[in-house]
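Trainee: Data file upload-v8.txt (compact mmCIF, C-alpha atoms and all ligand atoms) is appended below.
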```txt
# COMPACT_ATOMS: atom_id res chain seq x y z
CA MET A 211 133.58 99.11 72.59
CA ASN A 212 133.95 97.85 76.15
CA PHE A 213 130.40 98.46 77.39
CA GLN A 214 131.18 98.15 81.10
CA LYS A 215 134.07 100.65 80.84
CA ARG A 216 131.94 103.15 78.90
CA ILE A 217 129.12 102.85 81.46
CA GLU A 218 131.58 103.54 84.32
CA GLU A 219 132.86 106.67 82.49
CA LEU A 220 129.35 107.94 81.86
CA LYS A 221 128.25 107.27 85.43
CA LYS A 222 131.07 109.49 86.72
CA GLU A 223 130.40 112.19 84.12
CA ARG A 224 126.67 112.35 84.98
CA ASN A 225 126.96 111.53 88.70
CA ALA A 226 124.54 108.67 88.05
CA VAL A 227 123.50 105.56 89.91
CA ILE A 228 122.13 102.46 88.18
CA LEU A 229 119.26 100.59 89.87
CA VAL A 230 118.42 97.17 88.44
CA HIS A 231 115.53 94.79 89.07
CA ASN A 232 116.23 91.09 89.70
CA TYR A 233 114.51 90.07 86.42
CA GLN A 234 116.76 92.10 84.12
CA LEU A 235 119.19 90.43 81.71
CA PRO A 236 122.24 89.03 83.60
CA GLU A 237 124.69 91.47 81.97
CA VAL A 238 122.48 94.41 82.98
CA GLN A 239 122.21 93.11 86.57
CA ASP A 240 126.00 92.89 86.66
CA ILE A 241 126.52 96.63 86.01
CA GLY A 242 123.95 97.69 88.67
CA ASP A 243 125.01 99.76 91.70
CA PHE A 244 122.01 98.25 93.42
CA THR A 245 120.06 95.18 92.35
CA GLY A 246 116.91 94.13 94.10
CA ASP A 247 113.15 93.79 94.39
CA SER A 248 110.58 96.56 94.14
CA LEU A 249 110.81 97.39 97.85
CA GLY A 250 114.61 97.50 97.94
CA LEU A 251 114.78 99.58 94.77
CA SER A 252 112.18 102.05 96.12
CA ILE A 253 114.19 102.50 99.30
CA GLU A 254 117.42 102.92 97.37
CA ALA A 255 115.78 105.53 95.12
CA SER A 256 114.67 107.48 98.21
CA LYS A 257 118.19 107.50 99.68
CA THR A 258 120.58 108.05 96.78
CA THR A 259 122.64 111.24 96.58
CA ALA A 260 123.34 110.86 92.84
CA ASP A 261 121.97 113.50 90.41
CA VAL A 262 120.73 110.92 87.94
CA ILE A 263 119.02 107.55 88.47
CA VAL A 264 119.11 105.12 85.55
CA PHE A 265 116.36 102.65 86.25
CA CYS A 266 116.69 99.24 84.61
CA GLY A 267 113.27 97.73 85.23
CA VAL A 268 109.72 98.30 84.05
CA TYR A 269 108.08 101.72 83.76
CA PHE A 270 106.14 101.78 87.04
CA MET A 271 109.42 101.11 88.89
CA ALA A 272 111.11 104.09 87.25
CA GLU A 273 108.04 106.20 88.10
CA THR A 274 108.33 105.07 91.73
CA ALA A 275 111.96 106.24 91.73
CA LYS A 276 110.84 109.64 90.36
CA ILE A 277 108.08 109.91 92.99
CA LEU A 278 110.64 109.27 95.73
CA SER A 279 113.35 111.47 94.23
CA PRO A 280 111.41 114.22 92.42
CA HIS A 281 114.39 116.56 92.15
CA LYS A 282 116.58 113.99 90.47
CA THR A 283 116.64 113.07 86.81
CA VAL A 284 115.23 109.56 86.41
CA LEU A 285 116.02 107.81 83.13
CA ILE A 286 114.67 104.53 81.80
CA PRO A 287 116.79 103.02 78.98
CA ASP A 288 113.69 101.66 77.19
CA ALA A 289 110.50 103.58 77.86
CA THR A 290 108.38 100.86 76.23
CA SER A 291 109.19 98.45 79.10
CA GLY A 292 105.73 98.39 80.64
CA CYS A 293 104.16 96.01 83.13
CA PRO A 294 100.99 94.47 81.65
CA MET A 295 99.63 93.88 85.16
CA ALA A 296 100.09 97.54 86.12
CA ASP A 297 98.21 98.48 82.93
CA MET A 298 95.20 96.39 84.02
CA ILE A 299 93.87 99.20 86.22
CA THR A 300 93.59 102.88 85.33
CA ALA A 301 93.02 105.80 87.71
CA ASP A 302 89.47 106.18 86.28
CA GLN A 303 88.69 102.52 86.97
CA LEU A 304 89.99 102.85 90.52
CA ARG A 305 87.91 106.02 91.07
CA GLU A 306 84.83 104.07 89.94
CA LEU A 307 85.65 101.22 92.33
CA LYS A 308 86.16 103.70 95.18
CA ALA A 309 82.79 105.30 94.39
CA LYS A 310 81.15 101.87 94.83
CA HIS A 311 82.88 101.43 98.23
CA PRO A 312 83.02 104.98 99.63
CA LYS A 313 84.16 103.91 103.11
CA ALA A 314 86.96 101.63 101.90
CA LYS A 315 90.65 102.39 102.34
CA VAL A 316 92.75 101.60 99.30
CA MET A 317 96.02 99.71 99.07
CA CYS A 318 97.76 99.36 95.74
CA TYR A 319 100.50 96.97 94.79
CA VAL A 320 103.61 98.91 93.69
CA ASN A 321 102.92 97.43 90.22
CA THR A 322 100.61 100.36 89.35
CA SER A 323 100.97 103.63 87.48
CA ALA A 324 101.77 106.86 89.34
CA GLU A 325 98.18 108.06 88.64
CA VAL A 326 96.77 104.96 90.33
CA LYS A 327 99.14 105.36 93.30
CA ALA A 328 97.91 108.93 93.63
CA GLU A 329 94.40 107.53 94.28
CA CYS A 330 95.56 105.18 97.07
CA ASP A 331 96.04 105.40 100.83
CA TYR A 332 98.80 102.83 101.03
CA CYS A 333 101.21 101.15 98.66
CA CYS A 334 102.71 97.70 99.20
CA THR A 335 105.12 95.33 97.49
CA SER A 336 105.19 91.55 97.41
CA ALA A 337 107.74 91.75 100.27
CA ASN A 338 105.44 93.58 102.69
CA ALA A 339 101.80 93.06 101.60
CA GLU A 340 101.00 90.94 104.67
CA ILE A 341 102.72 93.41 107.02
CA MET A 342 100.79 96.27 105.46
CA LEU A 343 97.44 94.45 105.83
CA ASN A 344 98.23 93.73 109.48
CA GLU A 345 99.68 97.10 110.43
CA ALA A 346 98.05 99.75 108.27
CA PHE A 347 94.36 99.01 108.79
CA ASN A 348 91.94 98.88 111.70
CA ASP A 349 90.06 95.60 112.25
CA ASP A 350 86.79 96.97 110.87
CA ASP A 351 88.29 98.76 107.84
CA GLU A 352 86.96 97.87 104.42
CA ILE A 353 90.04 97.38 102.18
CA ILE A 354 90.35 97.67 98.41
CA PHE A 355 93.51 95.90 97.18
CA VAL A 356 94.50 96.41 93.52
CA PRO A 357 95.46 95.18 90.95
CA ASP A 358 96.91 91.67 91.51
CA LYS A 359 94.15 89.28 92.59
CA TYR A 360 96.68 86.53 93.43
CA LEU A 361 98.85 88.67 95.71
CA ALA A 362 95.66 90.09 97.27
CA SER A 363 94.15 86.67 97.90
CA TYR A 364 97.41 85.18 99.18
CA SER A 365 97.95 88.06 101.66
CA ALA A 366 94.26 88.13 102.65
CA ASN A 367 94.37 84.40 103.48
CA LYS A 368 97.61 84.75 105.44
CA THR A 369 96.31 87.64 107.53
CA GLY A 370 92.65 86.65 107.77
CA ARG A 371 91.66 90.07 106.33
CA LYS A 372 88.79 90.43 103.88
CA VAL A 373 89.69 92.52 100.85
CA ILE A 374 87.93 93.80 97.75
CA PHE A 375 89.87 92.43 94.76
CA TRP A 376 90.53 93.68 91.24
CA ASN A 377 90.86 91.21 88.36
CA GLY A 378 94.55 91.90 87.67
CA TYR A 379 97.26 89.29 87.20
CA CYS A 380 100.76 88.74 85.81
CA LYS A 381 100.72 86.76 82.57
CA SER A 382 104.35 85.69 83.09
CA HIS A 383 103.77 84.26 86.57
CA LEU A 384 100.57 82.51 85.50
CA LYS A 385 102.66 80.41 83.12
CA ILE A 386 103.94 78.51 86.17
CA LEU A 387 101.49 75.64 86.76
CA PRO A 388 101.22 73.15 89.65
CA GLU A 389 102.31 70.35 87.31
CA HIS A 390 105.56 72.23 86.57
CA ILE A 391 106.39 72.38 90.28
CA GLN A 392 105.38 68.73 90.64
CA LYS A 393 107.61 67.67 87.75
CA GLN A 394 110.62 69.59 89.11
CA LYS A 395 109.96 68.12 92.56
CA GLU A 396 110.05 64.60 91.09
CA LEU A 397 113.33 65.40 89.31
CA HIS A 398 114.85 67.05 92.42
CA PRO A 399 113.19 65.50 95.47
CA ASN A 400 115.52 67.23 97.98
CA ALA A 401 114.94 70.72 96.58
CA ILE A 402 113.09 73.46 98.48
CA THR A 403 110.21 74.87 96.41
CA MET A 404 109.72 78.65 96.31
CA ALA A 405 107.09 80.75 94.51
CA HIS A 406 106.34 84.44 94.08
CA PRO A 407 102.93 85.54 95.45
CA GLU A 408 101.90 86.63 91.92
CA CYS A 409 101.66 82.90 91.05
CA LEU A 410 98.39 80.99 90.88
CA SER A 411 96.90 80.13 94.29
CA SER A 412 97.22 76.44 93.37
CA VAL A 413 100.98 77.05 93.06
CA THR A 414 101.47 79.15 96.23
CA GLN A 415 99.51 76.54 98.19
CA MET A 416 101.85 73.70 97.22
CA VAL A 417 105.31 75.27 97.70
CA ASP A 418 107.52 75.40 100.80
CA GLU A 419 108.05 79.18 100.71
CA VAL A 420 106.17 82.12 99.15
CA LEU A 421 108.56 85.04 98.78
CA SER A 422 109.29 88.26 96.89
CA THR A 423 112.33 88.13 94.62
CA SER A 424 114.76 89.53 97.20
CA GLY A 425 112.97 87.46 99.84
CA MET A 426 114.04 84.41 97.82
CA LEU A 427 117.62 85.63 97.77
CA LYS A 428 117.71 86.22 101.53
CA TYR A 429 116.09 82.85 102.18
CA VAL A 430 118.53 80.93 99.96
CA ASN A 431 121.56 82.80 101.35
CA LYS A 432 120.63 81.64 104.86
CA SER A 433 119.34 78.16 104.01
CA LYS A 434 121.35 75.00 104.67
CA ALA A 435 119.64 73.31 101.69
CA ASN A 436 121.57 72.89 98.44
CA GLU A 437 118.83 72.74 95.81
CA PHE A 438 115.96 75.09 95.06
CA ILE A 439 113.05 75.11 92.61
CA VAL A 440 112.39 78.74 91.69
CA GLY A 441 108.78 79.67 90.94
CA THR A 442 109.13 83.13 89.48
CA GLU A 443 110.38 84.93 86.35
CA VAL A 444 113.50 83.13 85.08
CA GLY A 445 115.78 86.20 85.45
CA MET A 446 115.79 85.48 89.19
CA LEU A 447 118.08 82.50 88.68
CA HIS A 448 120.99 84.84 87.93
CA PRO A 449 121.21 86.67 91.30
CA LEU A 450 120.49 83.43 93.16
CA GLN A 451 123.28 81.55 91.37
CA LYS A 452 125.70 84.48 91.56
CA ALA A 453 125.31 84.79 95.34
CA ASN A 454 125.33 81.02 95.87
CA PRO A 455 127.67 79.43 93.31
CA GLN A 456 127.78 76.13 95.23
CA LYS A 457 123.97 75.68 95.28
CA LYS A 458 121.71 74.42 92.48
CA PHE A 459 118.69 76.25 91.10
CA TYR A 460 115.96 74.95 88.79
CA ALA A 461 113.38 77.18 87.11
CA ALA A 462 109.87 75.93 87.92
CA SER A 463 109.01 76.81 84.32
CA ASP A 464 111.38 78.00 81.57
CA ILE A 465 108.56 79.85 79.87
CA ALA A 466 107.93 82.18 82.84
CA VAL A 467 109.59 85.10 81.08
CA CYS A 468 108.62 88.79 81.36
CA PRO A 469 109.42 90.12 77.85
CA ASN A 470 109.31 93.73 79.06
CA MET A 471 112.04 93.08 81.62
CA LYS A 472 114.33 91.85 78.82
CA LYS A 473 114.12 94.97 76.65
CA ILE A 474 116.93 96.84 78.39
CA THR A 475 120.44 96.09 77.10
CA LEU A 476 123.89 97.52 77.89
CA GLU A 477 123.78 99.50 74.62
CA LYS A 478 120.53 101.10 75.72
CA VAL A 479 122.01 101.97 79.14
CA ILE A 480 124.89 103.73 77.36
CA ARG A 481 122.51 105.57 75.01
CA SER A 482 120.40 106.56 77.97
CA LEU A 483 123.36 108.15 79.80
CA GLU A 484 124.85 109.73 76.67
CA ASP A 485 121.63 111.35 75.49
CA MET A 486 119.92 111.67 78.91
CA ARG A 487 116.86 109.75 77.76
CA ASP A 488 114.15 108.67 78.26
CA GLU A 489 113.36 110.89 81.18
CA VAL A 490 110.45 110.02 83.47
CA ILE A 491 108.30 113.13 83.86
CA LEU A 492 105.42 113.37 86.34
CA SER A 493 103.34 116.34 87.44
CA GLU A 494 103.95 117.83 90.91
CA GLU A 495 100.36 117.00 91.85
CA ILE A 496 100.69 113.31 90.98
CA ILE A 497 104.07 113.13 92.73
CA SER A 498 102.84 114.64 95.97
CA LYS A 499 99.69 112.47 96.05
CA ALA A 500 101.52 109.26 95.12
CA GLN A 501 104.33 109.98 97.61
CA LYS A 502 101.95 109.67 100.54
CA SER A 503 101.04 106.06 99.77
CA ILE A 504 104.67 105.05 99.17
CA PHE A 505 106.09 106.89 102.22
CA ARG A 506 103.45 105.24 104.40
CA MET A 507 104.56 101.88 103.06
CA ILE A 508 108.24 102.58 103.63
CA ASN A 509 107.62 103.88 107.12
CA ILE A 510 105.33 101.04 108.20
CA GLY A 511 106.60 98.11 106.17
CA ASN A 512 110.24 98.89 106.29
CA ASN A 513 110.50 99.49 110.00
CA ILE A 514 109.35 95.93 110.34
CA VAL A 515 111.11 94.38 107.32
CA GLU A 516 114.74 95.56 107.47
CA ASN A 517 116.65 98.60 106.26
CA LYS A 518 115.65 101.89 107.85
CA ALA A 519 114.42 104.48 105.35
CA GLU A 520 115.02 108.15 106.06
CA VAL A 521 111.74 109.47 104.82
CA LYS A 522 108.87 111.19 106.59
CA ILE A 523 105.23 111.53 105.58
P1 LIG A 601 109.37 91.88 93.41
O1 LIG A 601 108.98 93.09 94.16
O2 LIG A 601 109.23 90.62 94.21
O3 LIG A 601 110.72 92.03 92.83
O4 LIG A 601 108.36 91.69 92.21
C1 LIG A 601 108.16 92.64 91.23
C2 LIG A 601 107.48 92.07 90.08
O5 LIG A 601 107.16 92.74 89.13
C3 LIG A 601 107.18 90.67 90.13
O6 LIG A 601 106.65 90.26 88.94
FE1 LIG A 602 104.75 92.99 85.54
FE2 LIG A 602 104.67 90.34 85.66
FE3 LIG A 602 106.66 91.53 84.39
FE4 LIG A 602 106.47 91.62 87.08
S1 LIG A 602 106.83 89.82 85.80
S2 LIG A 602 106.95 93.32 85.71
S3 LIG A 602 104.24 91.74 87.30
S4 LIG A 602 104.48 91.60 83.83
```
The structure in this file should be written as structure tokens.
Mentor:
Amino acid sequence: MNFQKRIEELKKERNAVILVHNYQLPEVQDIGDFTGDSLGLSIEASKTTADVIVFCGVYFMAETAKILSPHKTVLIPDATSGCPMADMITADQLRELKAKHPKAKVMCYVNTSAEVKAECDYCCTSANAEIMLNEAFNDDDEIIFVPDKYLASYSANKTGRKVIFWNGYCKSHLKILPEHIQKQKELHPNAITMAHPECLSSVTQMVDEVLSTSGMLKYVNKSKANEFIVGTEVGMLHPLQKANPQKKFYAASDIAVCPNMKKITLEKVIRSLEDMRDEVILSEEIISKAQKSIFRMINIGNNIVENKAEVKI
């Protein structure tokens, strides 16, 4: 069977759009109607006119699409694709933390469950965490920032804000060590070094640029440099190379792999559209509570970042 052809047929039949994260398998990225980072995918999910969204990413991303498009059918081709970092904080744990800091406002990284988002005032992604810290809070606000302690500490240092951390982290990004960057730098002395803010602080401190996945793509597209050391999940090399065939990219560490991001295959996308599974279901209450934190992010962060989102709180 020609998988691409079958997917095109099914997309028409179901009036479906396929959203794909930058870490997905190359062949899955290549069939996406939109490929991007968490922020770009959230915005796309809020704007699409399709009846069905097939989300090729991890579960919290598909939930975010459902929160932003509650009247659409959101399918994830492998419902076991979780994000271990998102699973590091539950809504109960966040409620306990809030009870300890009753005056604090809460910002959650988009890598959280819908239940956790429903407990938050603001959401952010790695592309706009600094903007959100600067724009969403008053100077004297106490801020809880969950769950990624590395993104929280990086953005807190950049903005000079004090935040209350949670002990969450991404196991895949923590595989990238300073010595890996150093070694690649010795091998490719003219290369620009880039790292995702989920990396260790010792890594983000030593690189030229700290960027979200689509931030990396935008940076490379504009850069006059020809070589880049890429400090994030290895799937990112595909969109970088595809958009810049003449430039060279080196993974900071080949073992920085997110196994959950690799579970979705073309066969599973076909099965998902044929059988309309697995559908992301959320209660109306969770959707309406979680929407507030995401809409606030899109309205604040996105007005400053780039594309204009057509959503209102
Ligand atoms: P981006 O928003 O930068 O794509 O990151 C999402 C993610 O899960 C990184 O590990
Ligand atoms: Fe979650 Fe890390 Fe995978 Fe991103 S790379 S989805 S943070 S486990």
Trainee: Rank nothing, just name the residue among A:Ile497, A:Ile474, A:Leu410, A:Ala401 nearest to A:Cys266, using all atoms listed in the file.
Mentor: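 Of the candidates, the smallest distance to A:Cys266 is held by A:Ile474.
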Trainee: Identify, on the basis of only C-alpha atoms, every residue whose closest approach to A:Arg481 does not exceed 10 Å; exclude the query and any residue fewer than 6 positions from it along the same chain; express the result as JSON, numbers by chain.
Mentor: {"A": [217, 220, 287, 288, 475, 487, 488]}
Trainee: Set the cut-off to 6 Å, count all atoms listed in the file, and list whatever residues fall near ligand LIG 601 (chain A) as a VMD selection string.
Mentor: chain A and resid 247 to 249 335 to 336 422 to 423
Trainee: Could you please take those selected residues and save C-alpha atoms as a compact mmCIF listing (two decimals), in the coordinates of the input?
Mentor:
```
# COMPACT_ATOMS: atom_id res chain seq x y z
CA ASP A 247 113.15 93.79 94.39
CA SER A 248 110.58 96.56 94.14
CA LEU A 249 110.81 97.39 97.85
CA THR A 335 105.12 95.33 97.49
CA SER A 336 105.19 91.55 97.41
CA SER A 422 109.29 88.26 96.89
CA THR A 423 112.33 88.13 94.62
```
Trainee: Around the point (115.8, 105.7, 80.7) (coordinates from the file), which residues reach within 10 Å if we count all atoms listed in the file? Answer as a list of chain:residue names.
Mentor: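 Residues with an atom close enough to that point: A:Ile263, A:Val264, A:Phe265, A:Cys266, A:Gly267, A:Tyr269, A:Ala272, A:Thr283, A:Val284, A:Leu285, A:Ile286, A:Pro287, A:Asp288, A:Ala289, A:Thr290, A:Ser291, A:Ile474, A:Lys478, A:Val479, A:Ile480, A:Arg481, A:Ser482, A:Leu483, A:Asp485, A:Met486, A:Arg487, A:Asp488, A:Glu489, A:Val490.
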Trainee: For ligand LIG 602 (chain A), which of A:Ser279, A:Ser382, A:Thr414, A:Asn509 is the closest residue, counting all atoms listed in the file?
Mentor: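 Among the listed residues, the smallest separation from ligand LIG 602 (chain A) belongs to A:Ser382.
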Trainee: Could you please extract the residues within 6 Å of ligand LIG 602 (chain A), counting only C-alpha atoms and all ligand atoms, and hand them back as a PyMOL selection string?
Mentor: chain A and resi 268+293-295+380+382+468
Trainee: Counting all atoms listed in the file, what is within 7 Å of A:Glu325, bar same-chain residues fewer than 2 positions away, as a list in words?
Mentor: Ala301, Ser323, Lys327, Ala328, Glu329 and Ile496 of chain A
Trainee: With distances taken over all atoms listed in the file, which residue among A:Thr442, A:Phe213, A:Val230, A:Leu427 lies nearest A:Leu387?
Mentor: A:Thr442
Trainee: Using all atoms listed in the file, find the one residue out of A:Asn338, A:Asn348, A:Ala275, A:Leu229 that sits nearest to A:Ile510.
Mentor: A:Asn338
Trainee: Since the input lacks some atoms of stretch 230-241 of chain A, please model all heavy atoms and print them as a short mmCIF file (atom, residue, chain, number, x, y, z; two decimals), in the coordinates of the input.
Mentor:
```cif
data_model
loop_
_atom_site.label_atom_id
_atom_site.label_comp_id
_atom_site.auth_asym_id
_atom_site.auth_seq_id
_atom_site.Cartn_x
_atom_site.Cartn_y
_atom_site.Cartn_z
N VAL A 230 118.79 98.27 89.34
CA VAL A 230 118.42 97.17 88.44
C VAL A 230 117.51 96.16 89.14
O VAL A 230 117.84 95.70 90.26
CB VAL A 230 119.69 96.43 87.94
CG1 VAL A 230 119.32 95.39 86.89
CG2 VAL A 230 120.71 97.40 87.36
N HIS A 231 116.42 95.81 88.49
CA HIS A 231 115.53 94.79 89.07
C HIS A 231 116.10 93.39 88.82
O HIS A 231 116.78 93.14 87.82
CB HIS A 231 114.10 94.90 88.49
CG HIS A 231 113.15 94.00 89.22
ND1 HIS A 231 112.83 92.75 88.77
CD2 HIS A 231 112.50 94.16 90.40
CE1 HIS A 231 112.00 92.17 89.65
NE2 HIS A 231 111.78 93.01 90.63
N ASN A 232 115.75 92.49 89.74
CA ASN A 232 116.23 91.09 89.70
C ASN A 232 115.86 90.32 88.43
O ASN A 232 116.42 89.25 88.20
CB ASN A 232 115.64 90.32 90.88
CG ASN A 232 116.28 90.68 92.20
OD1 ASN A 232 117.47 90.90 92.28
ND2 ASN A 232 115.47 90.74 93.26
N TYR A 233 114.91 90.79 87.63
CA TYR A 233 114.51 90.07 86.42
C TYR A 233 115.22 90.55 85.16
O TYR A 233 114.97 90.05 84.07
CB TYR A 233 113.00 90.23 86.15
CG TYR A 233 112.06 89.66 87.18
CD1 TYR A 233 110.74 90.13 87.26
CD2 TYR A 233 112.44 88.64 88.03
CE1 TYR A 233 109.85 89.60 88.16
CE2 TYR A 233 111.54 88.12 88.95
CZ TYR A 233 110.25 88.61 89.01
OH TYR A 233 109.36 88.10 89.91
N GLN A 234 116.09 91.56 85.31
CA GLN A 234 116.76 92.10 84.12
C GLN A 234 117.76 91.08 83.56
O GLN A 234 118.14 90.12 84.24
CB GLN A 234 117.48 93.39 84.49
CG GLN A 234 116.54 94.55 84.79
CD GLN A 234 115.95 95.18 83.53
OE1 GLN A 234 116.65 95.76 82.72
NE2 GLN A 234 114.64 95.08 83.38
N LEU A 235 118.21 91.32 82.32
CA LEU A 235 119.19 90.43 81.71
C LEU A 235 120.43 90.35 82.61
O LEU A 235 120.81 91.36 83.22
CB LEU A 235 119.60 90.98 80.32
CG LEU A 235 118.52 90.92 79.25
CD1 LEU A 235 118.96 91.71 78.01
CD2 LEU A 235 118.17 89.49 78.87
N PRO A 236 121.09 89.18 82.69
CA PRO A 236 122.24 89.03 83.60
C PRO A 236 123.30 90.12 83.43
O PRO A 236 123.80 90.68 84.42
CB PRO A 236 122.81 87.66 83.21
CG PRO A 236 121.66 86.91 82.65
CD PRO A 236 120.76 87.93 81.99
N GLU A 237 123.62 90.47 82.17
CA GLU A 237 124.69 91.47 81.97
C GLU A 237 124.26 92.86 82.46
O GLU A 237 125.11 93.67 82.85
CB GLU A 237 125.14 91.51 80.50
CG GLU A 237 124.10 91.88 79.46
CD GLU A 237 123.28 90.68 78.95
OE1 GLU A 237 123.16 89.68 79.67
OE2 GLU A 237 122.75 90.78 77.82
N VAL A 238 122.97 93.12 82.47
CA VAL A 238 122.48 94.41 82.98
C VAL A 238 122.53 94.37 84.52
O VAL A 238 122.97 95.33 85.17
CB VAL A 238 121.06 94.72 82.45
CG1 VAL A 238 120.52 96.01 83.05
CG2 VAL A 238 121.07 94.81 80.92
N GLN A 239 122.12 93.24 85.11
CA GLN A 239 122.21 93.11 86.57
C GLN A 239 123.65 93.33 87.04
O GLN A 239 123.89 93.96 88.06
CB GLN A 239 121.76 91.71 87.01
CG GLN A 239 120.29 91.45 86.76
CD GLN A 239 119.79 90.23 87.52
OE1 GLN A 239 120.24 89.93 88.62
NE2 GLN A 239 118.83 89.53 86.95
N ASP A 240 124.60 92.84 86.23
CA ASP A 240 126.00 92.89 86.66
C ASP A 240 126.59 94.30 86.66
O ASP A 240 127.62 94.52 87.31
CB ASP A 240 126.86 91.96 85.78
CG ASP A 240 126.53 90.49 86.04
OD1 ASP A 240 125.87 90.21 87.07
OD2 ASP A 240 126.92 89.64 85.23
N ILE A 241 125.97 95.26 85.97
CA ILE A 241 126.52 96.63 86.01
C ILE A 241 125.75 97.50 87.03
O ILE A 241 126.03 98.69 87.17
CB ILE A 241 126.52 97.33 84.62
CG1 ILE A 241 125.15 97.25 83.93
CG2 ILE A 241 127.60 96.75 83.72
CD1 ILE A 241 124.41 98.50 83.84
#
```
